[in-house]
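This report refers to the structure that appears directly beneath it.
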Amino acid sequence: MLSSLFSTNRRLRKAEIPALAQVTPSPWHQAWQALRRNRLAMFCLILLIVMAIWCALGPLWSPWKDDATDALMINKPPGEIHWLGTDFLGRDVYTRLLLAGRISLIIGLLTMLLSVTLGYLLGAISGYLGGWTDKLIMRLADLVMTIPSLPLLIVAGAMLSELDFSPDSRIYMVVIMLSLLEWPKLARLVRGQILSLRERDFMLATRVLGLSARRRLFGHLLPNTIPILVVMATMAVANAILMESALSYLGLGVVPPTPSWGNMMDSANSLIDFQRRPWLWMPPGVAIFITVIAINVLGDGLRDALDPKMKRGAK
């Protein structure tokens with residue numbers, strides 16, 4: 001009788017384990033569920049995915065090539081043959097818009113990866129080590145943040161023009177310039193988060209257990225700063241797209257014949273083009289507007305989904 005009672009209790013405990021796992025999902029699963037409930041953020045996520053796929057695959061199905069010019073179709077308005085019209089060289093604006101989207105999105109993503117990696121590592125080292133290392137990194141971050149971004153980029157872009165870089169290499173130079181201006185924001189946020197976390201009880205427990213500094217940093221501290229990393233990564237993409245568009249519009253970023261949304265808007269650089277040929281500048285302008293707004297809304301949704309304080313406020 002006792003053996004049957006013990007076996008019954010054992011079966012009940014085993015049956016409770018899946019139920020408990022369903023009641024307490026992982027933090028990432030909770031964040032995903034919270035993001036799914038935010039309809040506006042999910043709409044922006046789907047919109048960005050569709051836009052990226054459209055820019056990546058759309059030119060492959062277009063009958064027009066980027067460098068295909070037609071002297072008989074110069075500055076033609078949108079029609080059945082050219083859906084978004086043609087530019088001053090007779091090139092198809094629709095095809096160039098998709099190819100420009102590739103370049104602008106690639107610059108935004110590469111800038112995000114480089115700036116986030118640099119800012120994340122420097123912020124973590126600064127907050128964890130402290131002392132003169134912290135002072136050196138933070139003073140460098142303060143120096144970069146005090147310099148106005150756009151004038152500095154204009155000067156750097158003018159220097160690149162004087163050095164006569166090729167159009168393809170200028171893309172990577174623009175990525176490096178934008179990344180060097182973006183990393184201090186994330187570094188300061190990560191440093192502040194680590195200064196707060198390293199005095200928590202779970203970090204004191206890791207010291208008592210004798211864990212190495214490397215394991216405490218990469219196994220316990222940095223994973224708790226991932227929510228900040230995700231949100232700042234989305235904002236870095238939007239900022240990079242805006243800054244690249246401004247530089248390219250001024251002729252100091254991505255230069256023709258490589259298309260980008262910024263230098264496509266630069267093609268309407270006269271009052272006649274601005275008034276009578278809106279198909280030259282409106283499509284890239286609308287693309288920049290939609291992309292940046294969608295990224296910012298998605299970043300707000302990710303912040304609300306990943307921040308426990310926002311979750312408690314919603315309840």
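Ligands are numbered from 1 in the order shown, residues from 1 within each chain, and chains are lettered A, B, ... in the order they appear in the structure tokens.
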Give me the segment 190-308 of chain A side of the contact with segment 68-76 of chain A, cut-off 12 Å, one line per residue showing its nearest atom pair and distance in Å at one decimal, counting only C-alpha atoms, sorted by chain and residue number, as CSV.
```
residue,atom,partner,partner_atom,distance
A:Pro257,CA,A:Ala68,CA,11.4
A:Ser267,CA,A:Asn75,CA,11.0
A:Ala268,CA,A:Asn75,CA,10.8
A:Ile272,CA,A:Asn75,CA,11.6
A:Asp273,CA,A:Asn75,CA,9.2
A:Arg276,CA,A:Asn75,CA,10.1
A:Arg277,CA,A:Asn75,CA,7.5
A:Pro278,CA,A:Asn75,CA,10.4
A:Trp279,CA,A:Asn75,CA,9.0
A:Leu280,CA,A:Asn75,CA,8.4
```
Would you output that residue set with N, CA and C atoms, as a PDB file, in the first residue's frame?
```pdb
ATOM      1  N   PRO A 257      27.679  56.375 -59.539  1.00  0.00           N
ATOM      2  CA  PRO A 257      26.409  55.755 -59.955  1.00  0.00           C
ATOM      3  C   PRO A 257      25.771  54.831 -58.937  1.00  0.00           C
ATOM      4  N   SER A 267      18.913  64.280 -56.899  1.00  0.00           N
ATOM      5  CA  SER A 267      18.693  64.465 -58.339  1.00  0.00           C
ATOM      6  C   SER A 267      17.662  65.562 -58.616  1.00  0.00           C
ATOM      7  N   ALA A 268      16.789  65.854 -57.650  1.00  0.00           N
ATOM      8  CA  ALA A 268      15.830  66.962 -57.798  1.00  0.00           C
ATOM      9  C   ALA A 268      16.391  68.191 -57.098  1.00  0.00           C
ATOM     10  N   ILE A 272      12.715  73.676 -60.690  1.00  0.00           N
ATOM     11  CA  ILE A 272      11.855  73.083 -61.716  1.00  0.00           C
ATOM     12  C   ILE A 272      11.598  71.613 -61.410  1.00  0.00           C
ATOM     13  N   ASP A 273      12.668  70.874 -61.046  1.00  0.00           N
ATOM     14  CA  ASP A 273      12.490  69.461 -60.693  1.00  0.00           C
ATOM     15  C   ASP A 273      11.607  69.320 -59.465  1.00  0.00           C
ATOM     16  N   ARG A 276       7.840  70.450 -60.727  1.00  0.00           N
ATOM     17  CA  ARG A 276       7.196  69.791 -61.862  1.00  0.00           C
ATOM     18  C   ARG A 276       7.515  68.304 -61.986  1.00  0.00           C
ATOM     19  N   ARG A 277       8.509  67.825 -61.255  1.00  0.00           N
ATOM     20  CA  ARG A 277       8.885  66.412 -61.363  1.00  0.00           C
ATOM     21  C   ARG A 277       8.974  65.793 -59.967  1.00  0.00           C
ATOM     22  N   PRO A 278       7.855  65.696 -59.300  1.00  0.00           N
ATOM     23  CA  PRO A 278       7.886  65.146 -57.933  1.00  0.00           C
ATOM     24  C   PRO A 278       8.242  63.668 -57.881  1.00  0.00           C
ATOM     25  N   TRP A 279       8.120  62.939 -59.006  1.00  0.00           N
ATOM     26  CA  TRP A 279       8.471  61.521 -58.990  1.00  0.00           C
ATOM     27  C   TRP A 279       9.971  61.296 -58.819  1.00  0.00           C
ATOM     28  N   LEU A 280      10.772  62.358 -58.948  1.00  0.00           N
ATOM     29  CA  LEU A 280      12.212  62.211 -58.752  1.00  0.00           C
ATOM     30  C   LEU A 280      12.595  62.170 -57.276  1.00  0.00           C
TER      31      LEU A 280
END
```
Using only C-alpha atoms, I'd like a table of the residues in segment 106-156 of chain A that come within 12 Å of segment 193-207 of chain A; for each, show the closest atom pair and its distance in Å rounded to one decimal, ordered by chain and ascending number, as JSON lines.
```
{"residue": "A:Tyr120", "atom": "CA", "partner": "A:Ile194", "partner_atom": "CA", "distance": 10.9}
{"residue": "A:Leu121", "atom": "CA", "partner": "A:Ile194", "partner_atom": "CA", "distance": 11.6}
{"residue": "A:Leu122", "atom": "CA", "partner": "A:Ile194", "partner_atom": "CA", "distance": 11.7}
{"residue": "A:Gly123", "atom": "CA", "partner": "A:Ile194", "partner_atom": "CA", "distance": 8.4}
{"residue": "A:Ala124", "atom": "CA", "partner": "A:Ile194", "partner_atom": "CA", "distance": 6.8}
{"residue": "A:Ile125", "atom": "CA", "partner": "A:Ile194", "partner_atom": "CA", "distance": 9.4}
{"residue": "A:Ser126", "atom": "CA", "partner": "A:Ile194", "partner_atom": "CA", "distance": 9.0}
{"residue": "A:Gly127", "atom": "CA", "partner": "A:Leu195", "partner_atom": "CA", "distance": 5.5}
{"residue": "A:Tyr128", "atom": "CA", "partner": "A:Ile194", "partner_atom": "CA", "distance": 6.7}
{"residue": "A:Leu129", "atom": "CA", "partner": "A:Leu195", "partner_atom": "CA", "distance": 9.9}
{"residue": "A:Gly130", "atom": "CA", "partner": "A:Leu195", "partner_atom": "CA", "distance": 9.0}
{"residue": "A:Asp134", "atom": "CA", "partner": "A:Leu195", "partner_atom": "CA", "distance": 11.0}
```
Atomic separation - atom CA of Asn239 of chain A relative to atom CA of Trp183 of chain A, Å: 11.9 Å
Can you check which residues of segment 177-274 of chain A DSSP gives as helix (DSSP H, G or I) on the backbone and send them as a PyMOL selection string? chain A and resi 177-197+201-208+213-249+261-265+271-274
Using only C-alpha atoms, determine which residues lie at most 7 Å from Ser161 of chain A, disregarding the query and same-chain residues fewer than 4 positions distant; provide the list as a list in words. Gly157, Phe165 and Leu252 of chain A
Please report, as CSV, each residue of segment 37-126 of chain A lying at most 10 Å from segment 290-294 of chain A, together with the nearest pair of atoms and the separation in Å rounded to one decimal; use only C-alpha atoms, and order rows by chain and ascending residue number.
```
residue,atom,partner,partner_atom,distance
A:Leu40,CA,A:Ala294,CA,9.1
A:Ala41,CA,A:Ala294,CA,7.9
A:Met42,CA,A:Ala294,CA,9.8
A:Phe43,CA,A:Ala294,CA,8.5
A:Cys44,CA,A:Ala294,CA,4.9
A:Leu45,CA,A:Ala294,CA,7.4
A:Ile46,CA,A:Ala294,CA,9.6
A:Leu47,CA,A:Ala294,CA,7.6
A:Leu48,CA,A:Thr291,CA,7.0
A:Met51,CA,A:Thr291,CA,8.4
A:Ala52,CA,A:Thr291,CA,10.0
A:Gly101,CA,A:Thr291,CA,9.8
A:Leu105,CA,A:Thr291,CA,9.2
```
Selection: 12 Å around Gly85 of chain A, only C-alpha atoms, excl. self and same-chain fewer than 2 positions, as a VMD selection string: chain A and resid 64 73 to 83 87 to 97 277 to 283
Any idea what the distance is between atom CA of Trp261 of chain A and atom CA of Asn38 of chain A?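 Atom CA of Asn38 of chain A lies at a distance of 29.5 Å from atom CA of Trp261 of chain A.
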With only C-alpha atoms as the basis for distance, which of A:Ile137, A:Asn224, A:Ser166, A:Ser115 is at the shortest distance from Glu182 of chain A?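 Answer, going by the shortest atom-to-atom distance: A:Ser115.
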